[in-house]
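**Student:** File final_24.csv below, CSV, C-alpha atoms (C1' of nucleotides):
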```
chain,number,residue,atom,x,y,z
A,120,MET,CA,108.8,111.7,115.0
A,121,SER,CA,109.8,111.3,111.3
A,122,THR,CA,108.0,113.4,108.7
A,123,LEU,CA,107.0,112.3,105.3
A,124,GLU,CA,109.9,114.2,103.9
A,125,ASP,CA,112.3,112.3,106.2
A,126,LEU,CA,111.2,109.0,104.8
A,127,THR,CA,111.0,110.1,101.1
A,128,LYS,CA,114.4,111.9,101.3
A,129,SER,CA,116.1,108.9,102.7
A,130,LEU,CA,114.7,106.6,100.0
A,131,LYS,CA,116.0,109.0,97.3
A,132,GLN,CA,119.4,109.4,99.0
A,133,ALA,CA,119.7,105.6,99.0
A,134,GLY,CA,119.1,105.6,95.2
A,135,LEU,CA,115.7,104.0,95.6
A,136,ARG,CA,112.5,104.9,93.8
A,137,LEU,CA,109.6,106.6,95.3
A,138,THR,CA,106.9,104.4,93.9
A,139,PRO,CA,103.2,105.0,94.6
A,140,GLN,CA,103.1,102.0,96.8
A,141,ARG,CA,106.1,103.2,98.8
A,142,LEU,CA,104.7,106.7,99.1
A,143,ALA,CA,101.3,105.4,100.3
A,144,ILE,CA,103.0,103.2,102.9
A,145,CYS,CA,105.2,106.1,104.1
A,146,LYS,CA,102.2,108.4,104.3
A,147,LEU,CA,100.3,106.0,106.4
A,148,LEU,CA,103.2,105.4,108.7
A,149,VAL,CA,103.7,109.1,109.3
A,150,GLU,CA,100.1,110.0,109.7
A,151,THR,CA,99.1,107.2,112.1
A,152,ASP,CA,100.0,106.9,115.8
A,153,SER,CA,98.6,103.4,116.0
A,154,HIS,CA,101.8,101.4,115.4
A,155,PRO,CA,100.4,99.3,112.6
A,156,THR,CA,101.3,95.9,111.5
A,157,ALA,CA,102.1,94.9,107.9
A,158,ALA,CA,98.6,93.4,107.5
A,159,MET,CA,97.0,96.6,108.8
A,160,ILE,CA,98.9,98.7,106.4
A,161,TYR,CA,98.1,96.3,103.6
A,162,GLU,CA,94.3,96.5,104.4
A,163,SER,CA,94.4,100.3,104.7
A,164,ILE,CA,96.1,100.9,101.4
A,165,ARG,CA,94.4,98.2,99.3
A,166,ALA,CA,91.3,100.5,98.8
A,167,GLN,CA,93.3,103.0,96.8
A,168,TYR,CA,95.7,100.5,95.3
A,169,PRO,CA,93.8,97.3,94.6
A,170,SER,CA,96.8,95.6,93.0
A,171,LEU,CA,99.0,96.1,96.1
A,172,SER,CA,100.7,93.0,97.3
A,173,LEU,CA,101.4,92.1,100.9
A,174,THR,CA,104.9,91.3,99.9
A,175,THR,CA,105.5,94.8,98.8
A,176,VAL,CA,104.4,96.1,102.2
A,177,TYR,CA,106.9,93.8,103.9
A,178,ASN,CA,109.6,94.7,101.4
A,179,THR,CA,109.0,98.4,101.9
A,180,LEU,CA,108.9,98.1,105.7
A,181,GLU,CA,112.2,96.2,105.7
A,182,THR,CA,113.7,98.8,103.4
A,183,LEU,CA,112.6,101.7,105.7
A,184,ALA,CA,113.8,99.8,108.8
A,185,ASP,CA,117.2,99.1,107.1
A,186,LEU,CA,117.5,102.9,106.4
A,187,GLY,CA,116.8,103.5,110.0
A,188,VAL,CA,113.9,105.8,109.5
A,189,ILE,CA,111.3,103.6,111.1
A,190,ASN,CA,111.4,101.3,114.1
A,191,VAL,CA,110.4,97.7,114.3
A,192,LEU,CA,108.5,96.9,117.5
A,193,GLY,CA,108.1,93.4,118.9
A,194,HIS,CA,104.7,92.0,119.3
A,195,SER,CA,102.4,92.7,122.2
A,196,GLY,CA,101.1,89.2,122.7
A,197,ASP,CA,99.5,88.9,119.2
A,198,ASN,CA,102.6,87.4,117.5
A,199,THR,CA,102.8,90.1,114.9
A,200,VAL,CA,105.4,92.8,114.3
A,201,HIS,CA,104.4,96.4,114.7
A,202,TYR,CA,106.0,99.4,113.0
A,203,ASP,CA,106.6,103.0,114.2
A,204,ALA,CA,107.7,106.0,112.3
A,205,ASN,CA,108.8,107.6,115.6
A,206,ILE,CA,112.4,106.7,116.0
A,207,THR,CA,113.3,108.9,119.0
A,208,PRO,CA,113.7,106.7,122.1
A,209,HIS,CA,110.4,106.7,123.9
A,210,VAL,CA,108.3,104.3,125.9
A,211,HIS,CA,105.4,102.3,124.5
A,212,LEU,CA,102.5,101.0,126.6
A,213,ALA,CA,100.8,97.8,125.3
A,214,CYS,CA,97.5,96.7,126.7
A,215,ILE,CA,97.6,92.9,127.0
A,216,ALA,CA,93.8,92.8,126.7
A,217,CYS,CA,93.0,94.9,123.7
A,218,HIS,CA,96.5,94.8,122.1
A,219,LYS,CA,96.6,98.6,121.5
A,220,ILE,CA,100.0,100.2,121.7
A,221,ILE,CA,100.3,103.8,122.8
A,222,ASP,CA,103.2,106.1,123.4
A,223,VAL,CA,103.8,107.4,126.9
A,224,PRO,CA,103.6,111.2,126.5
A,225,SER,CA,106.3,113.5,127.6
A,226,LEU,CA,108.7,110.8,128.8
A,227,HIS,CA,112.0,111.1,127.1
A,228,VAL,CA,114.5,108.4,127.8
A,229,ALA,CA,117.3,109.6,125.5
A,230,PHE,CA,119.7,109.6,128.5
A,231,LEU,CA,119.5,105.8,128.7
A,232,ASN,CA,121.2,105.5,125.3
A,233,ASP,CA,124.4,107.1,126.5
A,234,ASP,CA,124.6,105.0,129.7
A,235,ILE,CA,124.0,101.8,127.7
A,236,SER,CA,126.5,102.3,124.9
A,237,ALA,CA,129.1,103.4,127.4
A,238,VAL,CA,128.6,100.3,129.6
A,239,SER,CA,128.3,97.7,126.9
A,240,GLY,CA,130.4,98.7,123.9
A,241,TYR,CA,127.5,98.0,121.6
A,242,LYS,CA,126.8,100.2,118.6
A,243,LEU,CA,123.2,101.1,119.3
A,244,LEU,CA,120.7,101.2,116.4
A,245,GLY,CA,117.4,101.5,118.1
A,246,ALA,CA,115.2,100.6,121.0
A,247,ARG,CA,112.0,99.0,121.9
A,248,LEU,CA,110.9,100.1,125.3
A,249,ILE,CA,107.6,98.4,125.9
A,250,TYR,CA,105.7,98.3,129.2
A,251,TYR,CA,102.7,96.1,129.2
A,252,GLY,CA,99.6,96.0,131.4
A,253,LEU,CA,96.0,96.9,131.4
A,254,CYS,CA,94.7,100.1,130.0
A,255,PRO,CA,92.2,102.0,132.1
A,256,SER,CA,89.2,100.9,130.0
A,257,CYS,CA,90.3,97.2,130.1
A,258,GLN,CA,90.8,97.5,133.8
A,259,LYS,CA,87.2,98.5,134.2
A,260,ARG,CA,86.0,95.8,131.8
A,261,ASN,CA,87.8,93.2,133.9
A,262,TYR,CA,86.3,94.2,137.2
A,263,GLN,CA,82.7,94.5,135.9
B,270,MET,CA,116.1,87.4,139.5
B,271,SER,CA,113.7,84.6,140.3
B,272,THR,CA,115.1,81.6,142.1
B,273,LEU,CA,114.0,78.0,141.5
B,274,GLU,CA,112.0,78.2,144.8
B,275,ASP,CA,110.1,81.2,143.5
B,276,LEU,CA,109.0,79.4,140.4
B,277,THR,CA,108.1,76.1,142.2
B,278,LYS,CA,106.4,77.8,145.1
B,279,SER,CA,104.1,79.9,142.8
B,280,LEU,CA,103.2,76.7,140.8
B,281,LYS,CA,102.2,75.0,144.1
B,282,GLN,CA,100.3,78.1,145.4
B,283,ALA,CA,98.3,78.1,142.2
B,284,GLY,CA,97.3,74.5,142.8
B,285,LEU,CA,99.4,73.2,139.9
B,286,ARG,CA,101.6,70.1,139.9
B,287,LEU,CA,105.3,70.2,139.9
B,288,THR,CA,105.9,67.6,137.2
B,289,PRO,CA,109.4,66.5,136.2
B,290,GLN,CA,109.0,68.4,132.9
B,291,ARG,CA,107.9,71.6,134.6
B,292,LEU,CA,110.8,71.2,137.1
B,293,ALA,CA,113.3,70.8,134.4
B,294,ILE,CA,112.0,73.8,132.5
B,295,CYS,CA,112.1,75.9,135.7
B,296,LYS,CA,115.6,74.8,136.5
B,297,LEU,CA,116.9,75.7,133.1
B,298,LEU,CA,115.2,79.1,133.1
B,299,VAL,CA,116.7,80.0,136.5
B,300,GLU,CA,120.2,78.7,135.7
B,301,THR,CA,120.7,80.3,132.3
B,302,ASP,CA,121.3,83.9,131.5
B,303,SER,CA,120.8,83.4,127.8
B,304,HIS,CA,117.1,84.3,127.4
B,305,PRO,CA,116.2,81.0,125.7
B,306,THR,CA,113.4,80.3,123.3
B,307,ALA,CA,110.9,77.5,123.6
B,308,ALA,CA,112.9,75.6,121.0
B,309,MET,CA,116.2,76.0,122.8
B,310,ILE,CA,114.6,74.8,126.0
B,311,TYR,CA,113.1,71.9,124.3
B,312,GLU,CA,116.4,70.9,122.8
B,313,SER,CA,118.3,71.2,126.1
B,314,ILE,CA,115.9,69.1,128.1
B,315,ARG,CA,115.2,66.4,125.5
B,316,ALA,CA,118.5,64.7,126.4
B,317,GLN,CA,117.2,63.9,129.9
B,318,TYR,CA,113.5,63.5,129.0
B,319,PRO,CA,113.3,62.0,125.5
B,320,SER,CA,109.5,61.9,125.5
B,321,LEU,CA,109.3,65.7,126.1
B,322,SER,CA,106.9,67.4,123.8
B,323,LEU,CA,107.4,70.9,122.4
B,324,THR,CA,103.8,71.6,123.3
B,325,THR,CA,104.6,71.0,127.0
B,326,VAL,CA,107.4,73.5,126.8
B,327,TYR,CA,105.0,76.1,125.4
B,328,ASN,CA,102.3,75.3,127.9
B,329,THR,CA,104.7,75.5,130.8
B,330,LEU,CA,106.2,78.8,129.6
B,331,GLU,CA,102.7,80.2,129.2
B,332,THR,CA,101.7,79.0,132.7
B,333,LEU,CA,104.8,80.6,134.3
B,334,ALA,CA,104.2,83.8,132.4
B,335,ASP,CA,100.6,83.9,133.5
B,336,LEU,CA,101.8,83.5,137.1
B,337,GLY,CA,104.1,86.5,136.5
B,338,VAL,CA,107.3,84.7,137.5
B,339,ILE,CA,108.9,84.9,134.1
B,340,ASN,CA,109.0,87.5,131.4
B,341,VAL,CA,108.1,87.1,127.8
B,342,LEU,CA,110.6,89.0,125.6
B,343,GLY,CA,109.7,90.0,122.0
B,344,HIS,CA,111.9,88.7,119.3
B,345,SER,CA,115.2,90.3,118.3
B,346,GLY,CA,114.8,90.0,114.5
B,347,ASP,CA,114.6,86.2,114.5
B,348,ASN,CA,110.8,86.1,114.9
B,349,THR,CA,110.9,83.9,118.0
B,350,VAL,CA,109.9,84.7,121.5
B,351,HIS,CA,112.5,84.6,124.2
B,352,TYR,CA,111.9,84.0,127.9
B,353,ASP,CA,113.6,85.4,131.0
B,354,ALA,CA,113.3,84.4,134.7
B,355,ASN,CA,114.6,87.8,135.7
B,356,ILE,CA,111.4,89.8,136.2
B,357,THR,CA,112.9,92.9,137.7
B,358,PRO,CA,112.8,95.8,135.2
B,359,HIS,CA,116.1,95.9,133.5
B,360,VAL,CA,117.5,96.6,130.0
B,361,HIS,CA,118.2,94.0,127.4
B,362,LEU,CA,120.7,94.4,124.6
B,363,ALA,CA,120.0,92.4,121.4
B,364,CYS,CA,122.6,92.0,118.7
B,365,ILE,CA,120.9,92.2,115.3
B,366,ALA,CA,123.7,90.1,113.8
B,367,CYS,CA,124.2,87.2,116.1
B,368,HIS,CA,120.8,87.4,117.8
B,369,LYS,CA,122.2,87.0,121.3
B,370,ILE,CA,120.4,88.9,124.1
B,371,ILE,CA,122.3,90.1,127.1
B,372,ASP,CA,121.3,92.1,130.2
B,373,VAL,CA,122.9,95.5,130.7
B,374,PRO,CA,124.7,95.2,134.0
B,375,SER,CA,124.0,97.6,136.9
B,376,LEU,CA,121.4,99.6,135.1
B,377,HIS,CA,118.2,99.7,137.2
B,378,VAL,CA,115.2,101.3,135.7
B,379,ALA,CA,112.7,100.7,138.4
B,380,PHE,CA,112.1,104.5,138.6
B,381,LEU,CA,110.5,104.4,135.1
B,382,ASN,CA,107.6,102.3,136.4
B,383,ASP,CA,106.4,104.9,138.8
B,384,ASP,CA,106.5,107.7,136.2
B,385,ILE,CA,104.7,105.6,133.6
B,386,SER,CA,101.9,104.3,135.8
B,387,ALA,CA,101.3,107.8,137.2
B,388,VAL,CA,101.2,109.4,133.7
B,389,SER,CA,99.1,106.8,132.0
B,390,GLY,CA,96.7,105.2,134.4
B,391,TYR,CA,97.7,101.8,133.2
B,392,LYS,CA,98.1,98.8,135.6
B,393,LEU,CA,101.6,97.7,134.8
B,394,LEU,CA,102.4,94.0,134.6
B,395,GLY,CA,105.8,93.9,133.1
B,396,ALA,CA,108.3,95.5,130.7
B,397,ARG,CA,110.5,94.6,127.8
B,398,LEU,CA,113.2,97.2,127.5
B,399,ILE,CA,115.2,96.1,124.5
B,400,TYR,CA,118.0,98.1,122.8
B,401,TYR,CA,119.3,96.6,119.7
B,402,GLY,CA,122.5,97.1,117.8
B,403,LEU,CA,125.8,95.4,117.1
B,404,CYS,CA,127.8,93.7,119.8
B,405,PRO,CA,131.5,94.4,119.9
B,406,SER,CA,132.5,91.1,118.2
B,407,CYS,CA,129.9,91.6,115.4
B,408,GLN,CA,131.2,95.1,114.9
B,409,LYS,CA,134.6,93.7,114.3
B,410,ARG,CA,133.3,91.0,112.0
B,411,ASN,CA,131.5,93.6,109.9
B,412,TYR,CA,134.5,95.7,109.4
B,413,GLN,CA,136.9,92.9,108.5
C,1434,DT,C1',112.8,101.5,70.0
C,1435,DA,C1',115.5,98.0,72.5
C,1436,DT,C1',117.4,96.9,76.7
C,1437,DC,C1',118.5,96.8,81.4
C,1438,DT,C1',117.4,97.2,86.1
C,1439,DA,C1',114.5,98.1,90.1
C,1440,DG,C1',110.2,97.1,91.8
C,1441,DT,C1',105.9,94.7,92.1
C,1442,DT,C1',103.0,90.8,92.1
C,1443,DA,C1',101.1,86.1,92.9
C,1444,DT,C1',102.1,81.9,94.6
C,1445,DA,C1',104.3,78.7,97.3
C,1446,DA,C1',107.3,77.5,101.1
C,1447,DT,C1',108.8,78.1,105.9
C,1448,DC,C1',108.6,78.2,110.6
C,1449,DA,C1',106.9,79.5,115.2
C,1450,DT,C1',103.0,78.9,117.7
C,1451,DT,C1',98.4,77.1,118.9
C,1452,DA,C1',94.5,73.7,118.8
C,1453,DC,C1',93.0,69.4,119.5
C,1454,DA,C1',92.2,64.8,120.9
C,1455,DA,C1',94.2,60.6,122.7
C,1456,DA,C1',97.3,58.6,126.0
C,1457,DT,C1',99.4,59.0,130.4
C,1458,DT,C1',100.2,60.3,135.0
C,1459,DT,C1',98.9,62.0,139.3
C,1460,DG,C1',96.6,62.5,143.9
C,1461,DG,C1',92.9,61.4,146.5
C,1462,DA,C1',88.9,58.5,148.0
C,1463,DA,C1',87.0,54.1,148.9
D,577,DT,C1',96.1,48.9,147.7
D,578,DT,C1',92.9,49.8,143.9
D,579,DC,C1',90.1,52.7,141.3
D,580,DC,C1',88.6,57.1,139.5
D,581,DA,C1',88.5,61.7,137.9
D,582,DA,C1',91.2,65.5,136.9
D,583,DA,C1',95.4,67.3,135.4
D,584,DT,C1',99.1,66.9,132.4
D,585,DT,C1',101.7,65.3,128.6
D,586,DT,C1',102.1,63.9,124.0
D,587,DG,C1',101.8,63.7,118.9
D,588,DT,C1',99.7,65.4,115.1
D,589,DA,C1',97.4,68.7,112.5
D,590,DA,C1',96.0,73.5,111.8
D,591,DT,C1',97.0,78.4,111.8
D,592,DG,C1',99.0,82.5,110.6
D,593,DA,C1',102.9,85.7,110.0
D,594,DT,C1',106.8,86.1,107.4
D,595,DT,C1',110.0,84.9,103.6
D,596,DA,C1',111.5,82.9,99.1
D,597,DT,C1',110.9,82.6,94.4
D,598,DA,C1',110.0,83.5,89.8
D,599,DA,C1',107.3,85.9,86.4
D,600,DC,C1',105.7,90.3,85.2
D,601,DT,C1',105.8,95.6,84.9
D,602,DA,C1',107.5,100.1,84.6
D,603,DG,C1',111.1,103.6,84.2
D,604,DA,C1',115.5,105.1,82.7
D,605,DT,C1',119.1,104.9,79.4
D,606,DA,C1',121.3,104.3,75.2
```
Would you put the structure from the file into structure tokens?
**Tutor:**
Amino acid sequence: MSTLEDLTKSLKQAGLRLTPQRLAICKLLVETDSHPTAAMIYESIRAQYPSLSLTTVYNTLETLADLGVINVLGHSGDNTVHYDANITPHVHLACIACHKIIDVPSLHVAFLNDDISAVSGYKLLGARLIYYGLCPSCQKRNYQ
Amino acid sequence: MSTLEDLTKSLKQAGLRLTPQRLAICKLLVETDSHPTAAMIYESIRAQYPSLSLTTVYNTLETLADLGVINVLGHSGDNTVHYDANITPHVHLACIACHKIIDVPSLHVAFLNDDISAVSGYKLLGARLIYYGLCPSCQKRNYQ
DNA sequence: TATCTAGTTATAATCATTACAAATTTGGAA
DNA sequence: TTCCAAATTTGTAATGATTATAACTAGATA
């Protein structure tokens, strides 16, 4: 899990400025475990920075992803991209009913990396390991 | 890997018709290993069925996904959804430069399923296990 | 201060996907 | 066979996430 220092340090090391907007986005990414979308980040931060532009959110997320300090997750049926400050390989669980995405606790899959790069010759940059299904509460709701 | 019979049988069992459009889409999905998008499928089949509508492609893909006989892959940086008739859990490798998606050969990850459903209580319906990076030829191209 | 560059903002454009209603096709009943 | 209702397809328009663009702002430097 990346810390706020990880993100800010990598911005500085790349010669980029730590603007209030970028700092707020980094803070939110590090503090949440909800794998937010650009729109969710925008809505959260707008209260403190009313002038914030959605474009800035997208730009910052792209910058952080290019630096490799956040991960870009595919969508879970809602056609929007989710972001994750946890860049260690781990499994996500997406509920197809309520569209929440959670991490699977204590399941490390780092060993997959080695297998995959050895077999394929690819230079690996990240992973999206997403299982989808019905979370316990949506299972109940469906069978009521 | 689903066969053409798997797809057509599940359509019939669900009381749905096997129209020429649906048959052509199923055939293409089963015969290709390129994880096509709706647009790619549309372009491929239009030669034989000039009246084909892109809406039909989307509808058919949604139907097959709902039946659970194809998988819906998130996008690999190109903001489009890819589809896969191989519904056994396996790892995908997406190149962030040329946007091709390949399967990682001989790497079965079925054992992950059991761990995950045991730990989480989720009812699992599918998986998208995508590693992304640079394929060998795009690595060369970048360093030229 | 004047200037230069990186960053932000607002707006418009793009593009994948979905919604909708009309047209067509299908399979079954008379 | 003919007709009918339902399923399916089609074309068009709407939606909504993301990206492009250009004007504006702020911070650093000379």
**Student:** If we count all atoms listed in the file, what is near A:Leu192 at a cut-off of 7 Å, once residues fewer than 4 positions away on the same chain are taken out, given as a list in words?
**Tutor:**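 In the requested format, the answer is Val200, His201, Tyr202 and Arg247 of chain A.
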**Student:** Which residues are close to A:Ile215, i.e. within 7 Å by all atoms listed in the file, leaving aside same-chain residues fewer than 5 positions away? Reply as a VMD selection string.
**Tutor:** chain A and resid 195 to 196 251 to 253
**Student:** Please list as a list in words every residue within 9 Å of stretch 122-128 of chain A, counting all atoms listed in the file and excluding residues in the same chain fewer than 3 positions away.
**Tutor:**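 My list of contacting residues is Lys131, Gln132, Ala133, Leu137, Arg141, Leu142, Cys145, Lys146, Leu148, Val149, Glu150, Leu183, Leu186, Val188, Ile189 and Ala204 of chain A.
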**Student:** Please, what distance in Å, to one decimal, runs between atom CA of B:Phe380 and atom CA of A:Leu231?
**Tutor:** 12.4 Å
**Student:** With distances taken over only C-alpha atoms, which of A:Cys257, A:Ala143, A:Leu135, A:Val228 is nearest to A:Ala216?
**Tutor:**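 Closest residue, counting only C-alpha atoms: A:Cys257.
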**Student:** Per residue of chain C within 9 Å of chain A, which atom pair is closest and at what distance in Å (one decimal), using all atoms listed in the file, listed by chain and increasing number, as JSON lines?
**Tutor:**
```
{"residue": "C:DA1439", "atom": "C1'", "partner": "A:Arg136", "partner_atom": "CA", "distance": 8.0}
{"residue": "C:DG1440", "atom": "C1'", "partner": "A:Thr138", "partner_atom": "CA", "distance": 8.3}
{"residue": "C:DT1441", "atom": "C1'", "partner": "A:Thr175", "partner_atom": "CA", "distance": 6.7}
{"residue": "C:DT1442", "atom": "C1'", "partner": "A:Ser172", "partner_atom": "CA", "distance": 6.1}
{"residue": "C:DA1443", "atom": "C1'", "partner": "A:Ser172", "partner_atom": "CA", "distance": 8.2}
{"residue": "C:DT1450", "atom": "C1'", "partner": "A:Asn198", "partner_atom": "CA", "distance": 8.5}
```
**Student:** Quick one: residues within 9 Å of stretch 358-361 of chain B, all atoms listed in the file, excluding same-chain residues fewer than 3 positions away - as a PyMOL selection string?
**Tutor:** (chain A and resi 235+248) or (chain B and resi 355+370-379+381-382+395-401)
**Student:** The coordinates of chain B, once least-squares superposed on chain A over all sequentially paired C-alpha atoms, should be supplied as a short mmCIF file (atom, residue, chain, number, x, y, z; two decimals) with C-alpha atoms, in the frame of the given file.
**Tutor:**
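What follows is the written file result.cif:
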```cif
data_model
loop_
_atom_site.label_atom_id
_atom_site.label_comp_id
_atom_site.auth_asym_id
_atom_site.auth_seq_id
_atom_site.Cartn_x
_atom_site.Cartn_y
_atom_site.Cartn_z
CA MET B 270 108.93 111.77 114.88
CA SER B 271 109.84 111.26 111.25
CA THR B 272 108.06 113.41 108.72
CA LEU B 273 107.01 112.25 105.24
CA GLU B 274 110.01 114.23 103.82
CA ASP B 275 112.38 112.29 106.03
CA LEU B 276 111.17 108.98 104.76
CA THR B 277 111.06 110.04 101.04
CA LYS B 278 114.36 111.86 101.16
CA SER B 279 116.23 108.82 102.67
CA LEU B 280 114.65 106.53 99.96
CA LYS B 281 115.97 108.92 97.26
CA GLN B 282 119.43 109.28 98.93
CA ALA B 283 119.73 105.52 98.91
CA GLY B 284 119.08 105.46 95.18
CA LEU B 285 115.65 103.84 95.58
CA ARG B 286 112.47 104.77 93.71
CA LEU B 287 109.60 106.51 95.27
CA THR B 288 106.84 104.32 93.87
CA PRO B 289 103.16 105.04 94.53
CA GLN B 290 103.04 102.00 96.86
CA ARG B 291 106.08 103.09 98.84
CA LEU B 292 104.61 106.64 99.03
CA ALA B 293 101.37 105.42 100.33
CA ILE B 294 103.03 103.23 102.93
CA CYS B 295 105.21 106.17 104.04
CA LYS B 296 102.26 108.48 104.27
CA LEU B 297 100.29 106.11 106.41
CA LEU B 298 103.21 105.43 108.74
CA VAL B 299 103.81 109.16 109.31
CA GLU B 300 100.12 110.05 109.74
CA THR B 301 99.11 107.33 112.19
CA ASP B 302 99.99 107.02 115.80
CA SER B 303 98.67 103.51 116.06
CA HIS B 304 101.85 101.45 115.48
CA PRO B 305 100.34 99.42 112.62
CA THR B 306 101.26 95.97 111.47
CA ALA B 307 102.05 94.97 107.93
CA ALA B 308 98.54 93.55 107.68
CA MET B 309 96.85 96.70 108.91
CA ILE B 310 98.83 98.74 106.43
CA TYR B 311 97.98 96.44 103.68
CA GLU B 312 94.31 96.63 104.47
CA SER B 313 94.28 100.44 104.69
CA ILE B 314 96.00 101.01 101.39
CA ARG B 315 94.25 98.30 99.36
CA ALA B 316 91.21 100.59 98.95
CA GLN B 317 93.27 103.04 96.87
CA TYR B 318 95.64 100.50 95.27
CA PRO B 319 93.70 97.27 94.71
CA SER B 320 96.65 95.49 93.11
CA LEU B 321 98.82 96.05 96.24
CA SER B 322 100.58 92.95 97.35
CA LEU B 323 101.25 92.06 100.99
CA THR B 324 104.78 91.19 99.95
CA THR B 325 105.35 94.81 98.84
CA VAL B 326 104.23 96.03 102.22
CA TYR B 327 106.77 93.75 103.90
CA ASN B 328 109.53 94.67 101.51
CA THR B 329 108.89 98.36 101.94
CA LEU B 330 108.77 98.11 105.74
CA GLU B 331 112.02 96.17 105.69
CA THR B 332 113.65 98.75 103.37
CA LEU B 333 112.59 101.67 105.63
CA ALA B 334 113.79 99.81 108.69
CA ASP B 335 117.12 99.10 107.07
CA LEU B 336 117.43 102.83 106.32
CA GLY B 337 116.78 103.47 110.04
CA VAL B 338 113.81 105.79 109.48
CA ILE B 339 111.28 103.55 111.12
CA ASN B 340 111.33 101.29 114.11
CA VAL B 341 110.41 97.68 114.28
CA LEU B 342 108.44 96.97 117.49
CA GLY B 343 108.17 93.40 118.89
CA HIS B 344 104.75 92.00 119.28
CA SER B 345 102.49 92.72 122.25
CA GLY B 346 101.14 89.17 122.75
CA ASP B 347 99.53 88.95 119.31
CA ASN B 348 102.64 87.52 117.61
CA THR B 349 102.78 90.23 114.95
CA VAL B 350 105.34 92.88 114.41
CA HIS B 351 104.33 96.48 114.70
CA TYR B 352 106.01 99.45 113.03
CA ASP B 353 106.56 103.03 114.19
CA ALA B 354 107.82 106.12 112.28
CA ASN B 355 108.78 107.72 115.56
CA ILE B 356 112.43 106.73 115.94
CA THR B 357 113.29 108.86 118.91
CA PRO B 358 113.72 106.70 122.04
CA HIS B 359 110.48 106.74 123.86
CA VAL B 360 108.30 104.33 125.89
CA HIS B 361 105.49 102.28 124.50
CA LEU B 362 102.59 100.99 126.53
CA ALA B 363 100.92 97.77 125.26
CA CYS B 364 97.60 96.59 126.60
CA ILE B 365 97.67 92.80 126.93
CA ALA B 366 93.88 92.72 126.55
CA CYS B 367 93.06 94.89 123.63
CA HIS B 368 96.52 94.80 122.04
CA LYS B 369 96.63 98.54 121.39
CA ILE B 370 100.06 100.23 121.67
CA ILE B 371 100.32 103.81 122.76
CA ASP B 372 103.29 106.14 123.37
CA VAL B 373 103.81 107.44 126.90
CA PRO B 374 103.57 111.19 126.54
CA SER B 375 106.41 113.50 127.68
CA LEU B 376 108.67 110.76 128.85
CA HIS B 377 112.08 111.12 127.16
CA VAL B 378 114.59 108.44 127.74
CA ALA B 379 117.37 109.63 125.56
CA PHE B 380 119.69 109.65 128.63
CA LEU B 381 119.50 105.81 128.76
CA ASN B 382 121.33 105.53 125.43
CA ASP B 383 124.45 107.17 126.67
CA ASP B 384 124.63 105.02 129.81
CA ILE B 385 124.03 101.81 127.87
CA SER B 386 126.52 102.40 125.07
CA ALA B 387 129.18 103.47 127.59
CA VAL B 388 128.60 100.38 129.82
CA SER B 389 128.37 97.81 127.09
CA GLY B 390 130.48 98.76 124.14
CA TYR B 391 127.62 98.06 121.82
CA LYS B 392 126.87 100.27 118.74
CA LEU B 393 123.28 101.16 119.36
CA LEU B 394 120.85 101.24 116.46
CA GLY B 395 117.52 101.50 118.09
CA ALA B 396 115.33 100.61 121.08
CA ARG B 397 112.01 99.05 121.87
CA LEU B 398 110.97 100.13 125.32
CA ILE B 399 107.68 98.38 125.87
CA TYR B 400 105.72 98.26 129.17
CA TYR B 401 102.75 96.08 129.11
CA GLY B 402 99.69 95.91 131.29
CA LEU B 403 96.02 96.79 131.27
CA CYS B 404 94.73 100.05 129.91
CA PRO B 405 92.18 101.89 131.98
CA SER B 406 89.17 100.75 129.87
CA CYS B 407 90.33 97.08 129.96
CA GLN B 408 90.74 97.36 133.69
CA LYS B 409 87.16 98.38 133.96
CA ARG B 410 86.01 95.65 131.61
CA ASN B 411 87.80 93.04 133.70
CA TYR B 412 86.21 94.07 136.88
CA GLN B 413 82.65 94.31 135.58
#
```
**Student:** Taking all atoms listed in the file into account, name the residue in D:DT594, D:DA606, D:DC579, D:DA589 that is nearest to chain B.
**Tutor:** D:DT594
**Student:** With all atoms listed in the file as the basis for distance, which of A:His218, A:Thr199, A:Ala157, A:Ala166 is at the shortest distance from chain B?
**Tutor:** A:Thr199
**Student:** As an exercise, work out the distance from atom CA of B:Asp353 to atom CA of B:Val326 in Å and give it to one decimal place.
**Tutor:** 14.1 Å
**Student:** For C:DT1438, work out the shell of residues within 12 Å, counting only C-alpha atoms (C1' of nucleotides) and skipping chain neighbours fewer than 5 positions away, then give it as a VMD selection string.
**Tutor:** (chain A and resid 135 to 136) or (chain D and resid 601 to 605)
**Student:** Between C:DT1458, C:DA1463, C:DT1434, C:DA1452, single out the one closest to D:DA590, counting all atoms listed in the file.
**Tutor:**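 Nearest candidate to D:DA590 out of C:DT1458, C:DA1463, C:DT1434, C:DA1452: C:DA1452.
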**Student:** Check the smallest atom-to-atom distance from each of A:Lys259, A:His154, A:Lys242, A:Arg165 to chain B using all atoms listed in the file, then report the winner.
**Tutor:** A:Lys242
**Student:** To one decimal place, how far is atom CA of A:Asp234 from atom CA of B:Tyr391 in Å?
**Tutor:**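 Separation between atom CA of A:Asp234 and atom CA of B:Tyr391: 27.3 Å.
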**Student:** Taking the point (112.6, 80.5, 96.9) as given in the file, collect each protein or nucleic acid residue that comes within 9 Å of it, counting only C-alpha atoms (C1' of nucleotides), and present the set as an MDAnalysis selection string.
**Tutor:** (chainID C and resid 1445:1446) or (chainID D and resid 595:598)
**Student:** Please tabulate, as a Markdown table, the residues of chain D that come within 10 Å of chain B, each with its closest pair of atoms and the distance in Å to one decimal, counting only C-alpha atoms (C1' of nucleotides) and ordering rows by chain, then residue number upward.
**Tutor:**
```
| residue | atom | partner | partner_atom | distance |
| --- | --- | --- | --- | --- |
| D:DA583 | C1' | B:Arg286 | CA | 8.2 |
| D:DT584 | C1' | B:Thr288 | CA | 8.4 |
| D:DT585 | C1' | B:Thr325 | CA | 6.6 |
| D:DT586 | C1' | B:Ser322 | CA | 5.9 |
| D:DG587 | C1' | B:Ser322 | CA | 8.0 |
| D:DA593 | C1' | B:Asn348 | CA | 9.3 |
| D:DT594 | C1' | B:Asn348 | CA | 8.5 |
```
